[in-house]
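So this one's my_file_18.cif, mmCIF, C-alpha atoms:
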```cif
data_work
#
loop_
_atom_site.group_PDB
_atom_site.id
_atom_site.type_symbol
_atom_site.label_atom_id
_atom_site.label_comp_id
_atom_site.auth_asym_id
_atom_site.auth_seq_id
_atom_site.Cartn_x
_atom_site.Cartn_y
_atom_site.Cartn_z
ATOM 1 C CA MET A 7 35.471 -7.525 2.092
ATOM 2 C CA ARG A 8 32.200 -9.411 2.351
ATOM 3 C CA GLU A 9 30.330 -11.537 -0.189
ATOM 4 C CA LEU A 10 26.596 -12.113 -0.566
ATOM 5 C CA VAL A 11 24.422 -14.073 -2.953
ATOM 6 C CA LEU A 12 21.321 -12.085 -3.871
ATOM 7 C CA LYS A 13 18.169 -13.771 -5.170
ATOM 8 C CA ILE A 14 16.635 -11.490 -7.796
ATOM 9 C CA GLU A 15 13.225 -11.884 -9.431
ATOM 10 C CA GLY A 16 12.157 -10.489 -12.771
ATOM 11 C CA MET A 17 15.234 -11.196 -14.904
ATOM 12 C CA THR A 18 14.301 -12.866 -18.200
ATOM 13 C CA CYS A 19 17.128 -12.136 -20.681
ATOM 14 C CA GLY A 20 20.691 -10.976 -21.221
ATOM 15 C CA HIS A 21 19.608 -7.340 -21.053
ATOM 16 C CA CYS A 22 18.275 -7.987 -17.548
ATOM 17 C CA VAL A 23 21.632 -9.452 -16.491
ATOM 18 C CA HIS A 24 23.414 -6.385 -17.879
ATOM 19 C CA ALA A 25 21.004 -3.980 -16.145
ATOM 20 C CA VAL A 26 21.396 -5.640 -12.733
ATOM 21 C CA THR A 27 25.168 -5.921 -13.132
ATOM 22 C CA LYS A 28 25.404 -2.228 -14.014
ATOM 23 C CA ALA A 29 23.106 -1.140 -11.162
ATOM 24 C CA LEU A 30 25.099 -3.032 -8.536
ATOM 25 C CA SER A 31 28.538 -2.243 -9.999
ATOM 26 C CA GLU A 32 27.873 1.490 -9.843
ATOM 27 C CA LEU A 33 27.411 1.434 -6.064
ATOM 28 C CA ASP A 34 30.348 2.868 -4.139
ATOM 29 C CA GLY A 35 31.908 -0.015 -2.219
ATOM 30 C CA VAL A 36 30.918 -2.830 -4.593
ATOM 31 C CA GLU A 37 34.107 -4.491 -5.803
ATOM 32 C CA ASP A 38 32.805 -7.357 -7.970
ATOM 33 C CA VAL A 39 29.441 -8.530 -9.342
ATOM 34 C CA HIS A 40 28.560 -11.757 -11.144
ATOM 35 C CA VAL A 41 24.909 -12.056 -12.234
ATOM 36 C CA GLU A 42 23.414 -15.330 -13.497
ATOM 37 C CA LEU A 43 20.141 -15.376 -15.401
ATOM 38 C CA GLU A 44 19.588 -19.057 -14.661
ATOM 39 C CA GLY A 45 18.651 -19.180 -11.011
ATOM 40 C CA GLY A 46 18.121 -15.413 -10.828
ATOM 41 C CA ARG A 47 21.096 -14.698 -8.638
ATOM 42 C CA ALA A 48 23.897 -12.208 -8.211
ATOM 43 C CA GLU A 49 27.128 -12.776 -6.311
ATOM 44 C CA VAL A 50 28.385 -9.480 -4.922
ATOM 45 C CA ALA A 51 31.728 -8.723 -3.236
ATOM 46 C CA PHE A 52 31.603 -5.440 -1.342
ATOM 47 C CA ASP A 53 33.004 -3.327 1.458
ATOM 48 C CA PRO A 54 30.353 -3.257 4.226
ATOM 49 C CA ALA A 55 31.783 0.005 5.548
ATOM 50 C CA ARG A 56 30.808 1.693 2.263
ATOM 51 C CA VAL A 57 27.647 -0.056 1.050
ATOM 52 C CA ASP A 58 24.896 -2.115 2.665
ATOM 53 C CA LEU A 59 22.165 -4.519 1.609
ATOM 54 C CA GLU A 60 19.524 -1.800 1.605
ATOM 55 C CA ALA A 61 21.513 0.238 -0.941
ATOM 56 C CA MET A 62 21.798 -2.896 -3.107
ATOM 57 C CA ARG A 63 18.053 -3.478 -2.802
ATOM 58 C CA ARG A 64 17.308 0.095 -3.905
ATOM 59 C CA ALA A 65 19.694 -0.212 -6.885
ATOM 60 C CA VAL A 66 18.128 -3.496 -8.035
ATOM 61 C CA GLU A 67 14.616 -2.072 -7.680
ATOM 62 C CA ALA A 68 15.574 1.133 -9.524
ATOM 63 C CA ALA A 69 16.693 -1.107 -12.405
ATOM 64 C CA GLY A 70 13.219 -2.702 -12.445
ATOM 65 C CA TYR A 71 13.806 -5.976 -10.556
ATOM 66 C CA THR A 72 13.126 -7.336 -7.080
ATOM 67 C CA LEU A 73 15.735 -8.447 -4.559
ATOM 68 C CA VAL A 74 13.909 -11.136 -2.583
ATOM 69 C CA ALA A 75 16.654 -12.705 -0.461
ATOM 70 C CA ALA A 76 20.317 -12.440 0.500
ATOM 71 C CA GLU A 77 22.647 -14.990 2.030
ATOM 72 C CA PRO A 78 26.397 -15.305 2.601
ATOM 73 C CA ALA A 79 28.344 -16.603 -0.397
ATOM 74 C CA ASP A 80 29.802 -20.115 -0.130
ATOM 75 C CA ARG A 81 33.429 -19.410 -0.984
#
```

Show me this structure written as structure tokens.
Amino acid sequence: MRELVLKIEGMTCGHCVHAVTKALSELDGVEDVHVELEGGRAEVAFDPARVDLEAMRRAVEAAGYTLVAAEPADR
């Protein structure tokens, strides 16, 4: 299992948080998602053998937002 913090632009409300959470959660291999409106970030726990950053980027963009950066989670 691997964890990343994704910086996401374009989220402005609770609906945005729900949309990003849903988009990422539906990816095969994503185990847990926690999206925060304040700071525009999502913490994602995933299986790198089943899903990669590019798939997460496409899912976020399909939901109408922009994934601008990714870094390892500090856990």

>> Excluding A:Met7 and its own-chain neighbours fewer than 5 positions away, which residues fall within 12 Å of it when counting only C-alpha atoms? Please give them as a list in words.
In response: Gly35, Val36, Glu37, Asp38, Val50, Ala51, Phe52, Asp53, Pro54, Ala55, Arg56, Val57, Asp58, Pro78 and Ala79 of chain A

>> Taking (17.9, -4.7, -8.4) in the coordinates of the supplied file, I want to know which residues reach to within 9 Å of it, counting all atoms listed in the file; could you give the answer as number ranges by chain?
In response: A: 14-15, 25-27, 29-30, 62-73

> Separation of atom CA of A:Cys19 and atom CA of A:Glu77, in Å?
Replying inline: 23.5 Å

> By how many Å are atom CA of A:Ala61 and atom CA of A:Thr18 apart?
Replying inline: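 These atoms are spaced 22.8 Å apart.
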
>> I'd like the interatomic distance between atom CA of A:Gly16 and atom CA of A:Asp34, to a tenth of an Å.
In response: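 Separating atom CA of A:Gly16 from atom CA of A:Asp34 is a distance of 24.2 Å.
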
>> Let me make sure I understand: among A:Lys28, A:Lys13, A:Arg47, A:Arg8, which one has the smallest atom-to-atom distance to A:Val74 if we use only C-alpha atoms?
In response: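 Looking only at the distances to A:Val74, the closest residue turns out to be A:Lys13.
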
>> Evaluated on this file, the PyMOL selection byres ((chain A and resi 43) around 7) picks out some residues - which ones are they, written as a list in words?
In response: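 Taken on the displayed file, the PyMOL selection byres ((chain A and resi 43) around 7) yields the residues Met17, Thr18, Cys19, Val23, Val41, Glu42, Glu44, Gly45, Gly46 and Arg47 of chain A.
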